[in-house]
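Raw query_26.cif, mmCIF, C-alpha atoms and all ligand atoms:
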```
data_coords
#
loop_
_atom_site.label_atom_id
_atom_site.label_comp_id
_atom_site.auth_asym_id
_atom_site.auth_seq_id
_atom_site.Cartn_x
_atom_site.Cartn_y
_atom_site.Cartn_z
CA MET A 1 23.13 -132.40 64.57
CA GLY A 2 26.47 -132.04 62.86
CA MET A 3 28.36 -132.28 66.16
CA LYS A 4 31.08 -134.39 64.67
CA CYS A 5 32.23 -131.85 62.10
CA LYS A 6 30.91 -128.80 64.01
CA ARG A 7 28.94 -127.55 61.03
CA GLN A 8 25.30 -128.04 60.08
CA ALA A 9 25.56 -128.32 56.32
CA LEU A 10 27.88 -129.38 53.52
CA ILE A 11 27.57 -127.61 50.17
CA PHE A 12 29.01 -129.38 47.13
CA ASP A 13 30.09 -128.20 43.71
CA VAL A 14 29.29 -130.80 41.02
CA ASP A 15 31.61 -130.63 38.00
CA GLY A 16 35.09 -131.76 38.98
CA THR A 17 34.11 -132.22 42.65
CA LEU A 18 31.46 -134.95 42.77
CA ALA A 19 32.63 -136.37 39.44
CA GLU A 20 35.17 -135.71 36.67
CA THR A 21 32.51 -134.54 34.24
CA GLU A 22 34.38 -132.10 32.05
CA ARG A 23 36.69 -134.07 29.72
CA ASP A 24 34.49 -137.08 28.99
CA GLY A 25 31.11 -135.49 29.62
CA HIS A 26 30.66 -131.78 28.92
CA ARG A 27 33.49 -131.55 26.36
CA VAL A 28 32.16 -134.50 24.36
CA ALA A 29 28.62 -133.11 24.47
CA PHE A 30 29.76 -129.69 23.23
CA ASN A 31 31.60 -131.33 20.31
CA GLN A 32 28.53 -133.42 19.45
CA ALA A 33 26.37 -130.30 19.38
CA PHE A 34 28.91 -128.49 17.16
CA ALA A 35 29.09 -131.39 14.70
CA GLU A 36 25.31 -131.71 14.62
CA ALA A 37 24.99 -128.01 13.78
CA GLY A 38 27.48 -128.40 10.90
CA LEU A 39 30.09 -126.22 12.66
CA GLN A 40 33.81 -126.80 12.17
CA TRP A 41 34.37 -126.17 15.90
CA HIS A 42 36.06 -128.93 17.88
CA TRP A 43 37.40 -128.66 21.43
CA ASP A 44 40.28 -131.06 22.09
CA VAL A 45 41.29 -131.93 25.68
CA ALA A 46 43.91 -129.16 25.96
CA THR A 47 41.77 -126.47 24.32
CA TYR A 48 38.89 -127.34 26.60
CA GLY A 49 41.18 -127.03 29.63
CA ARG A 50 41.95 -123.44 28.67
CA LEU A 51 38.27 -122.69 28.01
CA LEU A 52 37.32 -123.85 31.51
CA ALA A 53 38.56 -120.46 32.71
CA ILE A 54 35.15 -119.22 31.49
CA THR A 55 32.45 -120.83 33.60
CA GLY A 56 29.06 -121.67 32.13
CA GLY A 57 28.55 -123.50 28.84
CA LYS A 58 26.80 -120.64 27.01
CA GLU A 59 29.37 -118.13 28.24
CA ARG A 60 32.19 -120.52 27.19
CA MET A 61 30.81 -120.94 23.66
CA LEU A 62 30.32 -117.20 23.17
CA HIS A 63 33.84 -116.51 24.41
CA TYR A 64 35.24 -119.09 21.97
CA TRP A 65 33.20 -117.67 19.10
CA GLN A 66 34.49 -114.15 19.91
CA SER A 67 38.07 -115.45 19.88
CA ILE A 68 37.87 -117.08 16.43
CA ASP A 69 35.30 -114.83 14.68
CA PRO A 70 34.75 -111.51 16.53
CA GLN A 71 32.50 -110.11 13.81
CA GLY A 72 30.22 -113.18 13.66
CA ALA A 73 29.96 -113.24 17.45
CA ARG A 74 28.75 -109.60 17.43
CA ASP A 75 25.72 -110.49 15.31
CA PRO A 76 22.50 -110.08 17.35
CA GLN A 77 21.62 -113.65 16.31
CA ALA A 78 24.70 -115.02 18.09
CA ILE A 79 22.97 -115.23 21.49
CA THR A 80 20.11 -117.27 19.99
CA THR A 81 22.54 -119.54 18.17
CA VAL A 82 24.50 -120.14 21.37
CA ALA A 83 21.30 -120.86 23.31
CA GLU A 84 20.21 -123.42 20.69
CA LEU A 85 23.66 -125.06 20.63
CA HIS A 86 23.49 -125.23 24.42
CA ARG A 87 20.09 -126.93 24.38
CA ARG A 88 21.53 -129.59 22.08
CA LYS A 89 24.67 -129.88 24.21
CA THR A 90 22.57 -130.39 27.35
CA ALA A 91 20.58 -133.17 25.64
CA HIS A 92 23.82 -134.93 24.67
CA TYR A 93 25.26 -134.55 28.17
CA VAL A 94 22.12 -135.92 29.81
CA ARG A 95 22.18 -138.90 27.44
CA LEU A 96 25.91 -139.54 28.06
CA VAL A 97 25.58 -139.58 31.84
CA GLY A 98 22.41 -141.69 31.54
CA GLU A 99 24.52 -144.23 29.64
CA GLY A 100 26.90 -144.37 32.60
CA ALA A 101 29.79 -142.41 31.03
CA ILE A 102 30.64 -140.65 34.32
CA ARG A 103 31.26 -142.09 37.79
CA LEU A 104 31.48 -140.38 41.17
CA ARG A 105 34.98 -139.53 42.41
CA PRO A 106 36.39 -141.82 45.12
CA GLY A 107 35.04 -141.04 48.57
CA VAL A 108 32.04 -139.01 47.44
CA ARG A 109 29.42 -141.67 48.13
CA ARG A 110 31.08 -142.55 51.45
CA LEU A 111 31.15 -138.94 52.70
CA LEU A 112 27.58 -138.21 51.56
CA ASN A 113 26.35 -141.32 53.38
CA GLU A 114 28.27 -140.46 56.53
CA ALA A 115 26.98 -136.88 56.47
CA ARG A 116 23.40 -138.02 55.99
CA GLY A 117 23.74 -140.54 58.78
CA ALA A 118 25.00 -137.80 61.09
CA GLY A 119 22.04 -135.57 60.26
CA LEU A 120 23.97 -132.97 58.31
CA ARG A 121 22.09 -130.95 55.72
CA LEU A 122 23.33 -131.26 52.13
CA ALA A 123 23.15 -128.86 49.20
CA ILE A 124 24.54 -128.26 45.70
CA ALA A 125 26.04 -125.02 44.37
CA THR A 126 27.01 -125.35 40.73
CA THR A 127 27.38 -123.42 37.52
CA THR A 128 26.02 -126.20 35.37
CA THR A 129 22.45 -126.60 34.10
CA PRO A 130 19.94 -128.10 36.62
CA GLU A 131 19.00 -130.96 34.25
CA ASN A 132 22.66 -132.01 34.18
CA VAL A 133 22.80 -132.24 37.98
CA VAL A 134 19.62 -134.31 38.21
CA ALA A 135 20.86 -136.62 35.41
CA LEU A 136 24.30 -137.12 36.96
CA LEU A 137 23.05 -137.69 40.50
CA GLY A 138 20.26 -139.93 39.25
CA ALA A 139 22.70 -142.06 37.24
CA THR A 140 25.25 -142.34 40.05
CA LEU A 141 23.36 -142.16 43.35
CA GLY A 142 19.94 -143.44 42.31
CA ARG A 143 16.64 -141.74 41.78
CA ASP A 144 15.83 -139.95 45.02
CA VAL A 145 18.05 -136.94 44.44
CA PRO A 146 15.76 -134.29 45.99
CA SER A 147 15.60 -136.26 49.24
CA LEU A 148 19.41 -136.28 49.48
CA PHE A 149 20.12 -132.62 48.63
CA GLU A 150 17.59 -130.25 50.13
CA VAL A 151 18.71 -127.33 47.93
CA ILE A 152 20.12 -127.45 44.41
CA GLY A 153 21.53 -124.10 43.28
CA ALA A 154 22.40 -124.43 39.59
CA GLY A 155 22.89 -122.64 36.29
CA ASP A 156 21.08 -119.43 35.41
CA ILE A 157 19.22 -119.16 38.73
CA VAL A 158 21.72 -116.41 39.57
CA PRO A 159 22.78 -113.73 37.07
CA ARG A 160 26.56 -114.15 37.51
CA LYS A 161 28.35 -117.49 37.57
CA LYS A 162 31.40 -118.54 39.61
CA PRO A 163 33.87 -117.03 40.56
CA ASP A 164 31.05 -114.69 41.60
CA PRO A 165 29.72 -115.82 45.02
CA ALA A 166 26.06 -115.38 43.94
CA ILE A 167 25.25 -119.11 43.71
CA TYR A 168 26.62 -119.78 47.22
CA ASN A 169 24.79 -116.77 48.63
CA TRP A 170 21.58 -118.05 47.02
CA VAL A 171 22.01 -121.52 48.55
CA LEU A 172 22.76 -120.08 52.01
CA GLU A 173 19.66 -117.91 51.78
CA GLN A 174 17.48 -120.88 50.77
CA MET A 175 18.82 -122.89 53.70
CA ARG A 176 18.61 -119.96 56.13
CA LEU A 177 22.18 -120.65 57.22
CA GLU A 178 25.20 -118.44 57.81
CA PRO A 179 28.46 -119.30 56.03
CA GLY A 180 30.08 -120.19 59.37
CA GLN A 181 27.55 -123.00 59.82
CA CYS A 182 28.57 -124.70 56.56
CA LEU A 183 31.50 -126.16 54.67
CA ALA A 184 31.95 -126.01 50.88
CA PHE A 185 33.58 -128.58 48.60
CA GLU A 186 35.18 -127.39 45.36
CA ASP A 187 37.72 -128.53 42.75
CA SER A 188 38.68 -125.36 40.88
CA ARG A 189 40.03 -121.90 41.57
CA ASN A 190 36.89 -120.29 40.14
CA GLY A 191 34.72 -122.43 42.41
CA TRP A 192 36.88 -121.80 45.47
CA LEU A 193 36.82 -118.03 44.84
CA ALA A 194 33.01 -118.19 44.70
CA ALA A 195 32.78 -120.10 47.98
CA ARG A 196 35.34 -117.86 49.67
CA GLY A 197 33.50 -114.79 48.41
CA ALA A 198 30.41 -116.04 50.21
CA GLY A 199 32.46 -116.45 53.41
CA LEU A 200 32.63 -120.24 53.34
CA ASP A 201 35.48 -122.45 54.53
CA THR A 202 36.33 -124.78 51.66
CA ILE A 203 37.77 -128.24 51.13
CA VAL A 204 39.36 -128.23 47.68
CA THR A 205 39.80 -131.58 45.93
CA THR A 206 41.58 -130.90 42.66
CA GLY A 207 41.23 -133.07 39.57
CA ALA A 208 42.55 -133.55 36.06
CA TYR A 209 42.02 -129.96 34.95
CA THR A 210 42.69 -128.15 38.22
CA ALA A 211 45.75 -129.87 39.76
CA GLU A 212 48.02 -126.88 38.99
CA GLU A 213 45.75 -124.15 40.35
CA SER A 214 46.49 -122.39 43.64
CA PHE A 215 44.26 -122.22 46.72
CA GLU A 216 46.15 -120.30 49.42
CA GLY A 217 44.04 -120.16 52.55
CA ALA A 218 41.65 -122.99 51.69
CA LEU A 219 40.79 -125.11 54.73
CA ALA A 220 42.22 -128.09 52.85
CA HIS A 221 43.76 -128.55 49.41
CA LEU A 222 43.87 -132.25 48.51
CA ASP A 223 43.93 -134.52 45.48
CA GLY A 224 40.61 -136.10 46.45
CA LEU A 225 38.47 -137.20 49.39
CA GLY A 226 40.28 -140.52 49.61
CA GLU A 227 39.10 -144.01 50.45
CA PRO A 228 40.63 -146.67 52.70
CA GLY A 229 43.49 -148.04 50.59
CA GLU A 230 43.42 -144.99 48.31
CA LEU A 231 44.34 -142.14 50.66
CA ALA A 232 44.00 -138.50 49.71
CA THR A 233 47.11 -136.35 49.99
CA GLY A 234 47.74 -132.63 50.12
CA ARG A 235 47.54 -129.92 52.74
CA ALA A 236 45.04 -129.15 55.46
CA ARG A 237 45.27 -126.01 57.59
CA GLU A 238 48.57 -125.36 55.74
CA ALA A 239 50.14 -128.61 57.03
CA ALA A 240 50.90 -131.74 54.99
CA TRP A 241 48.07 -134.25 55.32
CA SER A 242 47.21 -137.73 54.09
CA GLY A 243 44.13 -139.77 54.88
CA VAL A 244 40.44 -140.25 54.26
CA VAL A 245 38.26 -137.14 54.46
CA ASP A 246 35.46 -138.03 56.87
CA LEU A 247 33.49 -136.05 59.46
CA ASP A 248 36.23 -136.54 62.07
CA ALA A 249 38.83 -135.03 59.74
CA LEU A 250 36.55 -132.13 58.84
CA GLY A 251 35.83 -131.55 62.54
CA ALA A 252 39.54 -131.47 63.37
CA TRP A 253 40.24 -128.89 60.65
CA VAL A 254 37.34 -126.70 61.68
CA GLN A 255 38.35 -127.05 65.36
CA SER A 256 41.96 -126.05 64.81
CA GLY A 257 40.85 -122.92 63.03
CA ALA A 258 38.22 -121.85 65.57
C1 LIG A 301 31.20 -125.96 35.83
C2 LIG A 301 31.07 -125.27 34.57
C3 LIG A 301 30.00 -125.64 33.66
C4 LIG A 301 30.18 -126.87 32.84
C5 LIG A 301 29.18 -126.86 31.71
O1 LIG A 301 31.88 -125.13 36.79
O2 LIG A 301 31.78 -124.34 34.30
O3 LIG A 301 29.90 -124.59 32.77
O4 LIG A 301 31.48 -126.92 32.28
O5 LIG A 301 27.87 -126.76 32.15
P1 LIG A 301 31.78 -125.39 38.37
P2 LIG A 301 26.75 -125.99 31.29
O6 LIG A 301 32.21 -126.81 38.61
O7 LIG A 301 32.74 -124.41 38.97
O8 LIG A 301 30.35 -125.14 38.82
O9 LIG A 301 27.04 -126.21 29.83
O10 LIG A 301 25.45 -126.62 31.70
O11 LIG A 301 26.84 -124.52 31.64
MG MG A 302 33.88 -127.55 39.67
#
```
Rewritten as C-alpha cells:
Amino acid sequence: MGMKCKRQALIFDVDGTLAETERDGHRVAFNQAFAEAGLQWHWDVATYGRLLAITGGKERMLHYWQSIDPQGARDPQAITTVAELHRRKTAHYVRLVGEGAIRLRPGVRRLLNEARGAGLRLAIATTTTPENVVALLGATLGRDVPSLFEVIGAGDIVPRKKPDPAIYNWVLEQMRLEPGQCLAFEDSRNGWLAARGAGLDTIVTTGAYTAEESFEGALAHLDGLGEPGELATGRAREAAWSGVVDLDALGAWVQSGA
C-alpha cells in the first residue's frame, strides 16, 4: 500500500486546489446572496482577493461588515444576519457548481485515479461548507464521492479555521494516521500554514489568487499538478522542477527528504 510514494494517504484542500472555485463560484454566490437580501454590498474580483485572507464565508462576511460599518456589525443581530446570508450563499454556490460552472484543475482527476489504483487512502481537509464539497465533487467526479474520499473534514466541524491546523488534526485523528504517513495538497498560504501546523509535508499548487504568496519549506511549490503536454513548473525540495506530479514524483520528493 502506498509503496510508490512512501505514504499511506493523500489529504486534499478543495478551494483553489482541486478546482478554482473562488472567483467564479464562491464570489458570485456571495454577491447573489447580497443582492437578494437588498444589500448594496458587491465583491469585485480584486476586493474578493483581499478578503480571502479571512478564511470561512461567515467569518469573511463579518470581517467585511466590520470594515464598512463597525457599529452595525456590533449589533447582536449581526451574527444571525450573517448566518442567513451564508445559507443563501451556500444554496447559490451549490446551484452554480451543479450547473457545471466549475471544473477540476488539470491533473487532479489523473492523480486521484492513480492514487486510488495504488491503494492510497484519500481525504479532504477544507474550510468550506460540507454541502459545497459534496456538490463540487458530485458535479466533477460523479456521484460516489464518499467511496472516493474516506474522510471529509469541512467547515464548522472544528472551531477554528485555517491557518489553524485543527481541520488537519481532525482528519488525521479520524484516519488514525500520523502526519508522517500522509501528504497534504494546498493552494494558499493559509492552507499551507494549517497543514504545516499539523506536521504534514505539503505540495502547494498555487492558482489565480495565490500565485504571489510564499511557501518557504513546502515539499513542492508549483503552478499546478500538470498533465502530459501541460507540465507543471516551480520548485520541489528547493530545486527548480518541471513535470507531471504523479506518485513517482511524490515518492522522489519524500525520499530525498527522508
Ligand atoms: C476556502 C475558504 C472558504 C470559501 C468559502 O479556504 O476560505 O471560506 O472561500 O466557503 P481553503 P464557505 O481552501 O483554505 O479551505 O462560504 O462555505 O465558508
Ligand atoms: Mg484552498
Between CA of Gly138 (chain A) and CA of Gly98 (chain A), what is the distance, to one decimal in Å?
->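 Distance between the two atoms: 8.2 Å.
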Got a sec to check which residues lie within 7 Å of ligand MG 302 (chain A), using all atoms listed in the file, and send them as a ChimeraX atom specification?
-> /A:13-17,186-188,191
Any chance you could tabulate, as CSV, the residues of region 59-163 of chain A at most 10 Å from region 22-35 of chain A with each one's nearest atom pair and distance in Å to one decimal, using only C-alpha atoms, in chain and rising number order?
```
residue,atom,partner,partner_atom,distance
A:Met61,CA,A:Phe30,CA,8.8
A:Glu84,CA,A:Ala33,CA,9.3
A:Leu85,CA,A:Ala33,CA,6.0
A:His86,CA,A:Ala33,CA,7.7
A:Arg87,CA,A:Ala33,CA,8.7
A:Arg88,CA,A:Ala33,CA,5.6
A:Lys89,CA,A:Ala29,CA,5.1
A:Thr90,CA,A:Ala29,CA,7.2
A:Ala91,CA,A:Ala29,CA,8.1
A:His92,CA,A:Ala29,CA,5.1
A:Tyr93,CA,A:Ala29,CA,5.2
A:Val94,CA,A:Ala29,CA,8.9
A:Arg95,CA,A:Ala29,CA,9.2
A:Leu96,CA,A:Gly25,CA,6.8
A:Val97,CA,A:Gly25,CA,7.2
A:Ala101,CA,A:Gly25,CA,7.2
A:Ile102,CA,A:Gly25,CA,7.0
A:Thr128,CA,A:His26,CA,9.7
A:Asn132,CA,A:His26,CA,9.6
```
Contact residues around Thr129 (chain A) with only C-alpha atoms at 7 Å, ignoring same-chain residues under 2 positions, as a PyMOL selection string = chain A and resi 127+131-133+154-155
Limited to C-alpha atoms, could you put the picked residues into a file as a PDB file, in the frame of the given file?
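Output file result-v9.pdb is given in full below:
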```pdb
ATOM      1  CA  THR A 127      27.380-123.420  37.520  1.00  0.00           C
ATOM      2  CA  GLU A 131      19.000-130.960  34.250  1.00  0.00           C
ATOM      3  CA  ASN A 132      22.660-132.010  34.180  1.00  0.00           C
ATOM      4  CA  VAL A 133      22.800-132.240  37.980  1.00  0.00           C
ATOM      5  CA  ALA A 154      22.400-124.430  39.590  1.00  0.00           C
ATOM      6  CA  GLY A 155      22.890-122.640  36.290  1.00  0.00           C
TER       7      GLY A 155
END
```
Could you jot down the CA of Ala236 (chain A) to CA of Leu219 (chain A) separation for me, Å, one decimal place?
-> 5.9 Å
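Using all atoms listed in the file, the smallest distance between any of A:Ala83, A:Ala252, A:Ala208, A:Ile203 and Arg235 (chain A) comes from A:Ile203.
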Go ahead and find all residues with at least one atom no further than 12 Å from (45.4, -123.0, 42.1) in the file's coordinates, using all atoms listed in the file; report them as number ranges by chain.
-> A: 53, 186-193, 204-207, 209-218, 221-222
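Closest approach to Leu141 (chain A) among A:Val108, A:Gly38, A:Ala73, A:Ile79: A:Val108, based on all atoms listed in the file.
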In Å, rounded to a single decimal, give me how far CA of Pro106 (chain A) is from CA of Lys6 (chain A).
-> 23.6 Å
Between A:Leu111, A:Ala125, A:Leu183, A:Leu172, which one has atoms that come closest to ligand LIG 301 (chain A), using all atoms listed in the file?
->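 Among the listed residues, A:Ala125 lies closest to ligand LIG 301 (chain A).
Polymer residues near (24.1, -115.3, 36.7): counting all atoms listed in the file with a cut-off of 12 Å, they are A:Thr55, A:Gly56, A:Lys58, A:Glu59, A:Thr126, A:Thr127, A:Thr128, A:Thr129, A:Gly153, A:Ala154, A:Gly155, A:Asp156, A:Ile157, A:Val158, A:Pro159, A:Arg160, A:Lys161, A:Lys162, A:Pro163, A:Asp164, A:Pro165, A:Ala166, A:Ile167, A:Tyr168, A:Trp170.
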For ligand LIG 301 (chain A), which residue among A:Glu178, A:Glu238, A:Asp69, A:Glu20 is the nearest when counting only C-alpha atoms and all ligand atoms?
->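 Closest to ligand LIG 301 (chain A) of all the choices is A:Glu20.
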Could you write out as lines of an AutoDock Vina configuration file the box around ligand LIG 301 (chain A) (axis-aligned, all atoms listed in the file, 5 Å on each side), with centre and edge lengths in Å to one decimal?
```
center_x = 29.1
center_y = -125.6
center_z = 34.4
size_x = 17.3
size_y = 12.6
size_z = 19.1
```
Of the listed residues A:Leu231, A:Val244, A:Ala78, A:Ala195, that which approaches ligand LIG 301 (chain A) most closely, counting only C-alpha atoms and all ligand atoms =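 Checking each candidate against ligand LIG 301 (chain A), we get A:Ala195 as the closest.
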Got a sec: who's within 8 Å of Leu18 (chain A), counting all atoms listed in the file, leaving out chain neighbours fewer than 6 positions off, as a list of chain:residue names?
->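 The residues satisfying every condition are A:Phe12, A:Leu104, A:Arg105, A:Val108.
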Looking at all atoms listed in the file, which of A:Val82, A:Leu122, A:Leu247, A:Ala46 is the one that sits closest to ligand LIG 301 (chain A)?
->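 Ranking A:Val82, A:Leu122, A:Leu247, A:Ala46 by distance to ligand LIG 301 (chain A), first place goes to A:Val82.
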Starting from the incomplete input, reconstruct N, CA and C atoms of region 32-48 of chain A and report them as an mmCIF file, in the frame of the given file.
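The new file selection17.cif reads:
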```
data_model
loop_
_atom_site.group_PDB
_atom_site.id
_atom_site.type_symbol
_atom_site.label_atom_id
_atom_site.label_comp_id
_atom_site.auth_asym_id
_atom_site.auth_seq_id
_atom_site.Cartn_x
_atom_site.Cartn_y
_atom_site.Cartn_z
ATOM 1 N N GLN A 32 29.649 -132.788 20.160
ATOM 2 C CA GLN A 32 28.530 -133.420 19.450
ATOM 3 C C GLN A 32 27.538 -132.373 18.960
ATOM 4 N N ALA A 33 27.292 -131.369 19.787
ATOM 5 C CA ALA A 33 26.370 -130.300 19.380
ATOM 6 C C ALA A 33 26.961 -129.494 18.217
ATOM 7 N N PHE A 34 28.265 -129.241 18.258
ATOM 8 C CA PHE A 34 28.910 -128.490 17.160
ATOM 9 C C PHE A 34 28.805 -129.267 15.852
ATOM 10 N N ALA A 35 29.123 -130.549 15.903
ATOM 11 C CA ALA A 35 29.090 -131.390 14.700
ATOM 12 C C ALA A 35 27.677 -131.456 14.128
ATOM 13 N N GLU A 36 26.718 -131.620 15.021
ATOM 14 C CA GLU A 36 25.310 -131.710 14.620
ATOM 15 C C GLU A 36 24.842 -130.441 13.915
ATOM 16 N N ALA A 37 25.384 -129.297 14.365
ATOM 17 C CA ALA A 37 24.990 -128.010 13.780
ATOM 18 C C ALA A 37 25.786 -127.695 12.510
ATOM 19 N N GLY A 38 26.682 -128.613 12.114
ATOM 20 C CA GLY A 38 27.480 -128.400 10.900
ATOM 21 C C GLY A 38 28.613 -127.408 11.094
ATOM 22 N N LEU A 39 28.980 -127.135 12.379
ATOM 23 C CA LEU A 39 30.090 -126.220 12.660
ATOM 24 C C LEU A 39 31.426 -126.953 12.573
ATOM 25 N N GLN A 40 32.466 -126.223 12.213
ATOM 26 C CA GLN A 40 33.810 -126.800 12.170
ATOM 27 C C GLN A 40 34.478 -126.741 13.545
ATOM 28 N N TRP A 41 33.773 -126.293 14.568
ATOM 29 C CA TRP A 41 34.370 -126.170 15.900
ATOM 30 C C TRP A 41 34.627 -127.557 16.469
ATOM 31 N N HIS A 42 35.796 -127.707 17.128
ATOM 32 C CA HIS A 42 36.060 -128.930 17.880
ATOM 33 C C HIS A 42 36.991 -128.588 19.042
ATOM 34 N N TRP A 43 36.605 -128.967 20.242
ATOM 35 C CA TRP A 43 37.400 -128.660 21.430
ATOM 36 C C TRP A 43 38.145 -129.922 21.866
ATOM 37 N N ASP A 44 39.490 -129.932 21.611
ATOM 38 C CA ASP A 44 40.280 -131.060 22.090
ATOM 39 C C ASP A 44 40.519 -130.894 23.604
ATOM 40 N N VAL A 45 41.163 -131.909 24.210
ATOM 41 C CA VAL A 45 41.290 -131.930 25.680
ATOM 42 C C VAL A 45 42.034 -130.702 26.204
ATOM 43 N N ALA A 46 43.108 -130.296 25.503
ATOM 44 C CA ALA A 46 43.910 -129.160 25.960
ATOM 45 C C ALA A 46 43.152 -127.841 25.754
ATOM 46 N N THR A 47 42.546 -127.684 24.596
ATOM 47 C CA THR A 47 41.770 -126.470 24.320
ATOM 48 C C THR A 47 40.663 -126.310 25.354
ATOM 49 N N TYR A 48 39.986 -127.398 25.640
ATOM 50 C CA TYR A 48 38.890 -127.340 26.600
ATOM 51 C C TYR A 48 39.401 -126.936 27.988
#
```
